[in-house]
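Student: Just passing along the structure, written as structure tokens.
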Amino acid sequence: MRWLPIVMLALVDGKSRCPRGSAWPARLRSANGTCATFLAGAPQQQGLGHAFMSFNRLVHVAGRLGLTLAARFASRGHGMNATKVDAYFFGAYFDAAGPPAGCEKVPAAASEAALAASVDAFRAGACAAAPACAVFRLKTAPPFHKRLNVDGYRAAFEGRAAERAALAPRAAPRGDAFTVAVHIRRGDHLKYGRRNVDFVAQRYVPNVAFVDLLGRVAATLKTGDIAARARVVVLAEGARPGGLVPDIDGDRTDFRAALPGVDVDVGPREAVDAFDALCAADLVVTSKSGFSHLAATLCARPAVLAVPFWLDYACLPRALELAETAAVFDDNPSGAPVNLTARFDYDEAALLALLRPP
């Protein structure tokens with residue numbers, strides 16, 4: 001596959017190449033009056049994180065080609081309610097200038113290169129003679145694109161705070177408790193890992209690594225005068241009330257028993273409600289998953305301890321990437337010994353700096 005160059009959305013930092021500021025390309029949300037060209041998109045059948053990275057690619061394609069986006073971020077993966085996802089995240093923000101009735105619907109393009117050629121042909125032909133309007137689309141969901149206009153997405157997301165409050169009411173704060181929300185990717189991962197050593201090696205993190213990390217984070221919060229006692233909210237598919245969390249070998253770990261001196265709760269099961277619990281936390285510990293990466297991207301409130309993953313955390317202003325130490329784990333769904341994360345480490349001073357007011 002030939003990757004097309006992507007236009008920068010704003011000024012970028014020389015080291016991280018992260019866009020700064022919330023500016024979107026001029027035509028992304030406002031159509032040209034005489035040659036209106038739109039890019040539509042279909043709902044994604046993937047989980048929230050994967051769907052967002054594909055949507056992000058669509059945003060970049062529209063920006064590079066000077067198209068107005070006529071698509072909404074959507075996901076129906078894992079049985080999610082697409083209407084709730086639409087209302088919770090961005091609503092009509094990215095298709096506020098939807099195509100008017102009578103716009104020509106151009107046959108879907110098989111690739112981004114074919115899409116670019118089709119757009120050029122329309123502008124050189126139909127638009128040259130008179131005002132014209134067309135809606136373009138790609139046949140398949142575009143591949144991931146890692147560069148993110150974090151400020152732009154956060155502004156769009158925060159603009160829907162009232163809608164989110166009605167959709168996913170948050171639990172009342174517990175006094176002065178400092179909340180650490182940890183996402184532990186399980187669920188369908190346990191199924192996909194059977195007889196797939198590569199998948200296990202790429203995505204699995206045993207419970208022991210999370211328990212050890214959370215215990216040390218609680219100690220850092222106490223010695224650093226951030227919080228005398230931490231509250232941990234575990235977000236893991238299949239977790240049971242009382243802090244019982246499924247592990248990679250099919251067993252369960254009792255997080256309450258393993259973390260004395262820490263208040264442990266199990267978060268909501270429904271995906272959007274679980275996402276909202278991440279947004280409401282003071283500190284988020286991610287998993288090797290696009291779900292918690294998306295929360296780290298959109299949610300301005302929590303600081304983030306980021307588990308290394310192929311999705312980048314470098315553009316996020318309050319994220320600290322963890323270091324990993326691996327060990328051989330024999331008990332996993334693949335049935336073969338695999339090197340997996342046994343321990344996470346972090347820079348304690350750097351974490352405290354993220355958590356203290358500037």
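By order of appearance in the structure tokens: chains A, B, ..., then residues from 1 within every chain, and ligands from 1 in the order shown.
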Which residues come within 12 Å of Ala31 (chain A), counting only C-alpha atoms, excluding same-chain residues fewer than 4 positions away, as a short mmCIF file (atom, residue, chain, number, x, y, z; two decimals) with N, CA, C and O atoms, in the first residue's frame?
Tutor:
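Resulting contents of result25.cif:
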data_model
loop_
_atom_site.label_atom_id
_atom_site.label_comp_id
_atom_site.auth_asym_id
_atom_site.auth_seq_id
_atom_site.Cartn_x
_atom_site.Cartn_y
_atom_site.Cartn_z
N PRO A 25 -7.90 22.34 9.29
CA PRO A 25 -7.82 22.90 7.94
C PRO A 25 -9.08 23.70 7.61
O PRO A 25 -10.19 23.35 8.05
N ALA A 26 -8.92 24.75 6.83
CA ALA A 26 -10.00 25.72 6.62
C ALA A 26 -11.30 25.10 6.11
O ALA A 26 -12.39 25.49 6.52
N ARG A 27 -11.21 24.12 5.21
CA ARG A 27 -12.40 23.56 4.60
C ARG A 27 -12.96 22.36 5.35
O ARG A 27 -13.99 21.81 4.96
N CYS A 35 -17.63 25.32 -5.21
CA CYS A 35 -17.20 23.95 -5.54
C CYS A 35 -17.14 23.16 -4.24
O CYS A 35 -16.08 22.97 -3.65
N ALA A 36 -18.32 22.74 -3.79
CA ALA A 36 -18.43 22.06 -2.50
C ALA A 36 -18.11 20.58 -2.65
O ALA A 36 -18.79 19.85 -3.37
N THR A 37 -17.07 20.15 -1.97
CA THR A 37 -16.64 18.74 -2.05
C THR A 37 -16.59 18.17 -0.64
O THR A 37 -15.91 18.70 0.24
N PHE A 38 -17.31 17.07 -0.42
CA PHE A 38 -17.46 16.48 0.90
C PHE A 38 -16.86 15.07 0.93
O PHE A 38 -16.85 14.37 -0.08
N LEU A 39 -16.38 14.68 2.10
CA LEU A 39 -15.91 13.30 2.31
C LEU A 39 -16.79 12.66 3.36
O LEU A 39 -16.83 13.10 4.51
N ALA A 62 -9.32 14.22 4.55
CA ALA A 62 -10.16 15.37 4.18
C ALA A 62 -9.35 16.66 4.20
O ALA A 62 -9.44 17.48 3.28
N GLY A 63 -8.52 16.84 5.23
CA GLY A 63 -7.71 18.05 5.31
C GLY A 63 -6.70 18.15 4.18
O GLY A 63 -6.51 19.22 3.59
N GLY A 66 -8.48 19.06 0.92
CA GLY A 66 -9.32 20.24 0.96
C GLY A 66 -10.80 19.92 0.92
O GLY A 66 -11.61 20.70 0.40
N LEU A 67 -11.20 18.77 1.49
CA LEU A 67 -12.59 18.35 1.51
C LEU A 67 -13.26 18.75 2.82
O LEU A 67 -12.59 18.91 3.85
N THR A 68 -14.57 18.90 2.77
CA THR A 68 -15.35 19.15 3.98
C THR A 68 -15.84 17.81 4.50
O THR A 68 -16.43 17.03 3.75
N LEU A 69 -15.60 17.55 5.77
CA LEU A 69 -15.95 16.25 6.33
C LEU A 69 -17.46 16.16 6.54
O LEU A 69 -18.08 17.07 7.09
N ALA A 70 -18.04 15.07 6.09
CA ALA A 70 -19.47 14.80 6.29
C ALA A 70 -19.57 13.42 6.93
O ALA A 70 -20.20 12.51 6.38
N PHE A 94 -18.25 17.22 13.41
CA PHE A 94 -17.48 17.04 12.18
C PHE A 94 -18.35 16.91 10.93
O PHE A 94 -17.83 16.69 9.85
N ASP A 95 -19.65 17.05 11.07
CA ASP A 95 -20.47 17.10 9.85
C ASP A 95 -21.54 18.18 9.97
O ASP A 95 -22.64 18.05 9.47
N ALA A 96 -21.16 19.27 10.66
CA ALA A 96 -22.09 20.38 10.86
C ALA A 96 -22.50 21.02 9.53
O ALA A 96 -23.58 21.57 9.40
N ALA A 97 -21.60 20.96 8.53
CA ALA A 97 -21.89 21.55 7.22
C ALA A 97 -22.19 20.44 6.23
O ALA A 97 -21.62 20.35 5.15
N GLY A 98 -23.11 19.55 6.60
CA GLY A 98 -23.42 18.39 5.77
C GLY A 98 -23.83 18.78 4.37
O GLY A 98 -24.33 19.89 4.12
N PRO A 99 -23.67 17.88 3.39
CA PRO A 99 -23.95 18.20 1.99
C PRO A 99 -25.43 18.51 1.77
O PRO A 99 -26.30 17.83 2.33
N PRO A 100 -25.74 19.52 0.96
CA PRO A 100 -27.14 19.84 0.68
C PRO A 100 -27.77 18.80 -0.22
O PRO A 100 -27.08 17.98 -0.85
N ALA A 132 -20.88 23.66 -8.24
CA ALA A 132 -21.16 22.23 -8.20
C ALA A 132 -20.94 21.69 -6.79
O ALA A 132 -20.28 22.32 -5.95
N CYS A 133 -21.46 20.49 -6.55
CA CYS A 133 -21.36 19.87 -5.23
C CYS A 133 -21.25 18.36 -5.41
O CYS A 133 -21.95 17.77 -6.24
N ALA A 134 -20.36 17.73 -4.65
CA ALA A 134 -20.19 16.28 -4.75
C ALA A 134 -19.81 15.69 -3.40
O ALA A 134 -19.15 16.34 -2.58
N VAL A 135 -20.24 14.45 -3.18
CA VAL A 135 -19.91 13.71 -1.97
C VAL A 135 -19.04 12.52 -2.36
O VAL A 135 -19.45 11.70 -3.19
#
Student: Could you write out, as number ranges by chain, all the residues of region 144-310 of chain A that DSSP marks as helix (DSSP H, G or I)?
Tutor: A: 150-158, 161-167, 188-192, 197-203, 207-223, 255-258, 271-280, 290-298
Student: Excluding Phe90 (chain A) and any residue of its chain fewer than 5 positions from it, enumerate the residues within 12 Å of it, using only C-alpha atoms, and give them as a ChimeraX atom specification.
Tutor: /A:52,55,71-74,83-85,95-96,152-164,298
Student: Hey, can you spit out that residue selection with N, CA, C and O atoms as a compact mmCIF listing (two decimals), in the first residue's frame?
Tutor:
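Wrote it out as part_23.txt, contents follow:
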# COMPACT_ATOMS: atom_id res chain seq x y z
N PHE A 52 -11.59 5.22 16.35
CA PHE A 52 -11.12 6.60 16.40
C PHE A 52 -9.87 6.81 15.55
O PHE A 52 -9.75 7.84 14.87
N PHE A 55 -10.98 7.03 12.10
CA PHE A 55 -11.64 8.32 11.90
C PHE A 55 -10.62 9.44 11.81
O PHE A 55 -10.75 10.35 10.98
N ALA A 71 -18.91 13.25 8.05
CA ALA A 71 -18.84 11.95 8.72
C ALA A 71 -18.84 12.17 10.22
O ALA A 71 -18.38 13.20 10.72
N ARG A 72 -19.34 11.18 10.92
CA ARG A 72 -19.34 11.21 12.38
C ARG A 72 -18.50 10.06 12.91
O ARG A 72 -18.47 8.99 12.32
N PHE A 73 -17.85 10.32 14.03
CA PHE A 73 -17.15 9.24 14.72
C PHE A 73 -18.20 8.27 15.26
O PHE A 73 -19.14 8.67 15.93
N ALA A 74 -18.02 6.99 14.95
CA ALA A 74 -19.00 6.00 15.38
C ALA A 74 -18.31 4.66 15.57
O ALA A 74 -17.29 4.37 14.94
N THR A 83 -25.73 5.02 18.78
CA THR A 83 -26.36 6.32 19.06
C THR A 83 -25.74 6.97 20.29
O THR A 83 -25.49 8.18 20.32
N LYS A 84 -25.48 6.17 21.32
CA LYS A 84 -24.86 6.70 22.53
C LYS A 84 -23.43 7.14 22.27
O LYS A 84 -22.99 8.19 22.77
N VAL A 85 -22.69 6.38 21.47
CA VAL A 85 -21.32 6.76 21.12
C VAL A 85 -21.32 8.10 20.40
O VAL A 85 -20.53 9.00 20.69
N ASP A 95 -19.65 17.05 11.07
CA ASP A 95 -20.47 17.10 9.85
C ASP A 95 -21.54 18.18 9.97
O ASP A 95 -22.64 18.05 9.47
N ALA A 96 -21.16 19.27 10.66
CA ALA A 96 -22.09 20.38 10.86
C ALA A 96 -22.50 21.02 9.53
O ALA A 96 -23.58 21.57 9.40
N GLY A 152 -7.39 20.10 19.21
CA GLY A 152 -8.60 20.19 18.41
C GLY A 152 -9.65 19.17 18.83
O GLY A 152 -10.83 19.50 18.99
N TYR A 153 -9.22 17.93 19.01
CA TYR A 153 -10.15 16.90 19.44
C TYR A 153 -10.67 17.16 20.85
O TYR A 153 -11.86 16.95 21.14
N ARG A 154 -9.79 17.61 21.73
CA ARG A 154 -10.24 17.89 23.10
C ARG A 154 -11.26 19.02 23.12
O ARG A 154 -12.24 18.97 23.87
N ALA A 155 -11.06 20.04 22.30
CA ALA A 155 -12.03 21.15 22.26
C ALA A 155 -13.38 20.65 21.76
O ALA A 155 -14.43 21.03 22.31
N ALA A 156 -13.37 19.80 20.75
CA ALA A 156 -14.62 19.24 20.23
C ALA A 156 -15.30 18.37 21.28
O ALA A 156 -16.53 18.40 21.44
N PHE A 157 -14.50 17.59 21.99
CA PHE A 157 -15.02 16.68 23.01
C PHE A 157 -15.57 17.45 24.21
O PHE A 157 -16.68 17.19 24.69
N GLU A 158 -14.82 18.44 24.69
CA GLU A 158 -15.26 19.21 25.85
C GLU A 158 -16.50 20.03 25.55
O GLU A 158 -17.28 20.36 26.45
N GLY A 159 -16.70 20.37 24.27
CA GLY A 159 -17.89 21.14 23.89
C GLY A 159 -19.19 20.38 24.10
O GLY A 159 -20.27 20.97 24.02
N ARG A 160 -19.09 19.08 24.36
CA ARG A 160 -20.29 18.26 24.57
C ARG A 160 -20.41 17.79 26.03
O ARG A 160 -21.00 16.75 26.31
N ALA A 161 -19.86 18.56 26.95
CA ALA A 161 -19.88 18.16 28.36
C ALA A 161 -21.30 18.00 28.88
O ALA A 161 -21.61 17.07 29.64
N ALA A 162 -22.22 18.87 28.48
CA ALA A 162 -23.59 18.79 28.97
C ALA A 162 -24.28 17.52 28.46
O ALA A 162 -25.00 16.85 29.21
N GLU A 163 -24.05 17.20 27.19
CA GLU A 163 -24.65 15.98 26.63
C GLU A 163 -24.11 14.74 27.32
O GLU A 163 -24.85 13.78 27.60
N ARG A 164 -22.83 14.75 27.62
CA ARG A 164 -22.22 13.59 28.28
C ARG A 164 -22.77 13.42 29.71
O ARG A 164 -22.99 12.30 30.16
N LEU A 298 -8.46 12.30 24.80
CA LEU A 298 -9.58 13.23 24.86
C LEU A 298 -9.82 13.84 26.23
O LEU A 298 -10.33 14.96 26.33
Student: Name the residues of region 115-158 of chain A that come out as strand (DSSP E) in a backbone DSSP run; write them as a list in words.
Tutor: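 Those residues are Ala132, Cys133, Ala134, Val135, Phe136 and Arg137 of chain A.
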Student: For the residues in the current selection, export all heavy atoms as a short mmCIF file (atom, residue, chain, number, x, y, z; two decimals), in the first residue's frame.
Tutor:
data_model
loop_
_atom_site.label_atom_id
_atom_site.label_comp_id
_atom_site.auth_asym_id
_atom_site.auth_seq_id
_atom_site.Cartn_x
_atom_site.Cartn_y
_atom_site.Cartn_z
N ALA A 132 -20.88 23.66 -8.24
CA ALA A 132 -21.16 22.23 -8.20
C ALA A 132 -20.94 21.69 -6.79
O ALA A 132 -20.28 22.32 -5.95
CB ALA A 132 -20.29 21.50 -9.21
N CYS A 133 -21.46 20.49 -6.55
CA CYS A 133 -21.36 19.87 -5.23
C CYS A 133 -21.25 18.36 -5.41
O CYS A 133 -21.95 17.77 -6.24
CB CYS A 133 -22.61 20.21 -4.41
SG CYS A 133 -22.70 19.40 -2.80
N ALA A 134 -20.36 17.73 -4.65
CA ALA A 134 -20.19 16.28 -4.75
C ALA A 134 -19.81 15.69 -3.40
O ALA A 134 -19.15 16.34 -2.58
CB ALA A 134 -19.13 15.93 -5.79
N VAL A 135 -20.24 14.45 -3.18
CA VAL A 135 -19.91 13.71 -1.97
C VAL A 135 -19.04 12.52 -2.36
O VAL A 135 -19.45 11.70 -3.19
CB VAL A 135 -21.17 13.21 -1.24
CG1 VAL A 135 -20.78 12.44 0.03
CG2 VAL A 135 -22.08 14.38 -0.89
N PHE A 136 -17.85 12.44 -1.79
CA PHE A 136 -16.91 11.36 -2.06
C PHE A 136 -16.87 10.44 -0.84
O PHE A 136 -17.20 10.83 0.27
CB PHE A 136 -15.52 11.92 -2.35
CG PHE A 136 -15.46 12.84 -3.54
CD1 PHE A 136 -15.75 14.19 -3.41
CD2 PHE A 136 -15.13 12.35 -4.79
CE1 PHE A 136 -15.71 15.05 -4.50
CE2 PHE A 136 -15.08 13.20 -5.89
CZ PHE A 136 -15.37 14.55 -5.75
N ARG A 137 -16.40 9.22 -1.07
CA ARG A 137 -16.20 8.30 0.05
C ARG A 137 -15.17 7.25 -0.35
O ARG A 137 -14.90 7.04 -1.53
CB ARG A 137 -17.50 7.65 0.49
CG ARG A 137 -18.11 6.70 -0.48
CD ARG A 137 -19.29 5.95 0.14
NE ARG A 137 -20.38 6.81 0.57
CZ ARG A 137 -20.76 6.95 1.83
NH1 ARG A 137 -20.12 6.30 2.80
NH2 ARG A 137 -21.76 7.74 2.16
#
Student: Taking a cut-off of 8 Å and counting only C-alpha atoms, can you build a table that, for each residue of region 292-349 of chain A near region 277-285 of chain A, reports the nearest atom pair and how far apart they are in Å (one decimal), sorted by chain then residue number, as CSV?
Tutor:
residue,atom,partner,partner_atom,distance
A:Ser292,CA,A:Leu278,CA,7.8
A:Ala295,CA,A:Cys279,CA,6.5
A:Ala296,CA,A:Val284,CA,7.5
A:Cys299,CA,A:Cys279,CA,5.1
A:Ala300,CA,A:Cys279,CA,7.6
A:Arg301,CA,A:Cys279,CA,6.5
A:Pro302,CA,A:Asp282,CA,4.5
A:Ala303,CA,A:Leu283,CA,4.8
A:Val304,CA,A:Val284,CA,4.8
A:Leu305,CA,A:Val285,CA,4.8
A:Ala306,CA,A:Val285,CA,6.1
A:Val307,CA,A:Val285,CA,7.3
Student: Could you take the residues named above and write them with N, CA, C and O atoms, as a PDB file, in the first residue's frame?
Tutor:
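Result saved to out_16.pdb:
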ATOM      1  N   SER A 292      -8.106   2.850  26.125  1.00  0.00           N
ATOM      2  CA  SER A 292      -7.554   3.768  27.124  1.00  0.00           C
ATOM      3  C   SER A 292      -6.650   4.816  26.485  1.00  0.00           C
ATOM      4  O   SER A 292      -6.485   5.915  27.033  1.00  0.00           O
ATOM      5  N   ALA A 295      -9.041   7.560  25.739  1.00  0.00           N
ATOM      6  CA  ALA A 295      -9.356   8.321  26.946  1.00  0.00           C
ATOM      7  C   ALA A 295      -8.217   9.275  27.306  1.00  0.00           C
ATOM      8  O   ALA A 295      -8.440  10.430  27.671  1.00  0.00           O
ATOM      9  N   ALA A 296      -6.987   8.801  27.192  1.00  0.00           N
ATOM     10  CA  ALA A 296      -5.831   9.654  27.480  1.00  0.00           C
ATOM     11  C   ALA A 296      -5.763  10.823  26.503  1.00  0.00           C
ATOM     12  O   ALA A 296      -5.321  11.921  26.859  1.00  0.00           O
ATOM     13  N   CYS A 299      -9.477  13.138  27.289  1.00  0.00           N
ATOM     14  CA  CYS A 299      -9.840  13.572  28.640  1.00  0.00           C
ATOM     15  C   CYS A 299      -8.752  14.464  29.237  1.00  0.00           C
ATOM     16  O   CYS A 299      -7.629  14.012  29.466  1.00  0.00           O
ATOM     17  N   ALA A 300      -9.093  15.712  29.502  1.00  0.00           N
ATOM     18  CA  ALA A 300      -8.104  16.673  29.982  1.00  0.00           C
ATOM     19  C   ALA A 300      -7.841  16.550  31.480  1.00  0.00           C
ATOM     20  O   ALA A 300      -6.775  16.956  31.956  1.00  0.00           O
ATOM     21  N   ARG A 301      -8.772  15.997  32.251  1.00  0.00           N
ATOM     22  CA  ARG A 301      -8.630  15.983  33.708  1.00  0.00           C
ATOM     23  C   ARG A 301      -7.493  15.082  34.209  1.00  0.00           C
ATOM     24  O   ARG A 301      -6.650  15.527  35.001  1.00  0.00           O
ATOM     25  N   PRO A 302      -7.441  13.812  33.820  1.00  0.00           N
ATOM     26  CA  PRO A 302      -6.459  12.924  34.461  1.00  0.00           C
ATOM     27  C   PRO A 302      -5.048  13.056  33.901  1.00  0.00           C
ATOM     28  O   PRO A 302      -4.848  13.317  32.717  1.00  0.00           O
ATOM     29  N   ALA A 303      -4.071  12.861  34.788  1.00  0.00           N
ATOM     30  CA  ALA A 303      -2.714  12.563  34.339  1.00  0.00           C
ATOM     31  C   ALA A 303      -2.704  11.097  33.898  1.00  0.00           C
ATOM     32  O   ALA A 303      -3.613  10.330  34.243  1.00  0.00           O
ATOM     33  N   VAL A 304      -1.684  10.707  33.139  1.00  0.00           N
ATOM     34  CA  VAL A 304      -1.697   9.383  32.522  1.00  0.00           C
ATOM     35  C   VAL A 304      -0.375   8.669  32.750  1.00  0.00           C
ATOM     36  O   VAL A 304       0.699   9.231  32.495  1.00  0.00           O
ATOM     37  N   LEU A 305      -0.450   7.440  33.256  1.00  0.00           N
ATOM     38  CA  LEU A 305       0.686   6.523  33.235  1.00  0.00           C
ATOM     39  C   LEU A 305       0.443   5.575  32.077  1.00  0.00           C
ATOM     40  O   LEU A 305      -0.502   4.773  32.096  1.00  0.00           O
ATOM     41  N   ALA A 306       1.263   5.675  31.040  1.00  0.00           N
ATOM     42  CA  ALA A 306       0.993   5.017  29.774  1.00  0.00           C
ATOM     43  C   ALA A 306       1.791   3.731  29.613  1.00  0.00           C
ATOM     44  O   ALA A 306       3.028   3.744  29.650  1.00  0.00           O
ATOM     45  N   VAL A 307       1.080   2.628  29.433  1.00  0.00           N
ATOM     46  CA  VAL A 307       1.721   1.365  29.093  1.00  0.00           C
ATOM     47  C   VAL A 307       2.214   1.458  27.653  1.00  0.00           C
ATOM     48  O   VAL A 307       1.444   1.839  26.767  1.00  0.00           O
TER      49      VAL A 307
END
Student: Wanna dump the region 100-213 of chain A-region 263-270 of chain A contacts at 10 Å for me, each residue with its shortest atom pair and the distance in Å to one decimal, counting only C-alpha atoms, ordered by chain and number, as a tab-separated table?
Tutor:
residue	atom	partner	partner_atom	distance
A:Ala168	CA	A:Glu270	CA	10.0
A:Ala177	CA	A:Asp263	CA	9.2
A:Thr179	CA	A:Asp263	CA	9.3
A:Val180	CA	A:Val264	CA	9.5
A:Ala181	CA	A:Gly267	CA	8.5
A:Val182	CA	A:Gly267	CA	9.4
A:His183	CA	A:Gly267	CA	9.6
Student: For the selection you just gave me, I'd like the residues written to a file as a PDB file, in the first residue's frame, keeping all heavy atoms.
Tutor:
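Result saved to out-v4.pdb:
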ATOM      1  N   ALA A 168     -24.061   9.707  30.729  1.00  0.00           N
ATOM      2  CA  ALA A 168     -23.255   8.857  31.610  1.00  0.00           C
ATOM      3  C   ALA A 168     -23.050   9.558  32.944  1.00  0.00           C
ATOM      4  O   ALA A 168     -21.973  10.087  33.216  1.00  0.00           O
ATOM      5  CB  ALA A 168     -21.903   8.551  30.946  1.00  0.00           C
ATOM      6  N   ALA A 177     -10.849  11.613  48.240  1.00  0.00           N
ATOM      7  CA  ALA A 177     -10.165  10.447  47.682  1.00  0.00           C
ATOM      8  C   ALA A 177      -9.546  10.779  46.330  1.00  0.00           C
ATOM      9  O   ALA A 177     -10.160  11.435  45.495  1.00  0.00           O
ATOM     10  CB  ALA A 177     -11.144   9.281  47.549  1.00  0.00           C
ATOM     11  N   THR A 179      -8.513   9.334  42.885  1.00  0.00           N
ATOM     12  CA  THR A 179      -8.951   8.175  42.112  1.00  0.00           C
ATOM     13  C   THR A 179      -7.956   7.820  41.017  1.00  0.00           C
ATOM     14  O   THR A 179      -7.611   8.659  40.184  1.00  0.00           O
ATOM     15  CB  THR A 179     -10.336   8.424  41.489  1.00  0.00           C
ATOM     16  OG1 THR A 179     -11.279   8.666  42.527  1.00  0.00           O
ATOM     17  CG2 THR A 179     -10.781   7.221  40.664  1.00  0.00           C
ATOM     18  N   VAL A 180      -7.529   6.570  41.053  1.00  0.00           N
ATOM     19  CA  VAL A 180      -6.690   6.008  39.991  1.00  0.00           C
ATOM     20  C   VAL A 180      -7.554   5.013  39.220  1.00  0.00           C
ATOM     21  O   VAL A 180      -8.026   4.025  39.788  1.00  0.00           O
ATOM     22  CB  VAL A 180      -5.458   5.268  40.565  1.00  0.00           C
ATOM     23  CG1 VAL A 180      -4.604   4.712  39.428  1.00  0.00           C
ATOM     24  CG2 VAL A 180      -4.643   6.196  41.458  1.00  0.00           C
ATOM     25  N   ALA A 181      -7.805   5.297  37.960  1.00  0.00           N
ATOM     26  CA  ALA A 181      -8.584   4.388  37.118  1.00  0.00           C
ATOM     27  C   ALA A 181      -7.615   3.584  36.261  1.00  0.00           C
ATOM     28  O   ALA A 181      -6.794   4.158  35.544  1.00  0.00           O
ATOM     29  CB  ALA A 181      -9.554   5.158  36.240  1.00  0.00           C
ATOM     30  N   VAL A 182      -7.700   2.265  36.342  1.00  0.00           N
ATOM     31  CA  VAL A 182      -6.796   1.408  35.589  1.00  0.00           C
ATOM     32  C   VAL A 182      -7.598   0.577  34.598  1.00  0.00           C
ATOM     33  O   VAL A 182      -8.580  -0.076  34.957  1.00  0.00           O
ATOM     34  CB  VAL A 182      -5.959   0.499  36.527  1.00  0.00           C
ATOM     35  CG1 VAL A 182      -6.842  -0.313  37.460  1.00  0.00           C
ATOM     36  CG2 VAL A 182      -5.048  -0.429  35.721  1.00  0.00           C
ATOM     37  N   HIS A 183      -7.203   0.651  33.342  1.00  0.00           N
ATOM     38  CA  HIS A 183      -7.848  -0.154  32.306  1.00  0.00           C
ATOM     39  C   HIS A 183      -7.019  -1.417  32.095  1.00  0.00           C
ATOM     40  O   HIS A 183      -5.821  -1.341  31.818  1.00  0.00           O
ATOM     41  CB  HIS A 183      -7.926   0.630  30.996  1.00  0.00           C
ATOM     42  CG  HIS A 183      -8.517  -0.149  29.864  1.00  0.00           C
ATOM     43  ND1 HIS A 183      -8.018  -0.094  28.575  1.00  0.00           N
ATOM     44  CD2 HIS A 183      -9.557  -1.024  29.831  1.00  0.00           C
ATOM     45  CE1 HIS A 183      -8.739  -0.883  27.801  1.00  0.00           C
ATOM     46  NE2 HIS A 183      -9.673  -1.460  28.533  1.00  0.00           N
TER      47      HIS A 183
END
Student: In Å, how far is it from CA of Asp254 (chain A) to CA of Leu294 (chain A)?
Tutor: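 It comes out at 27.3 Å.
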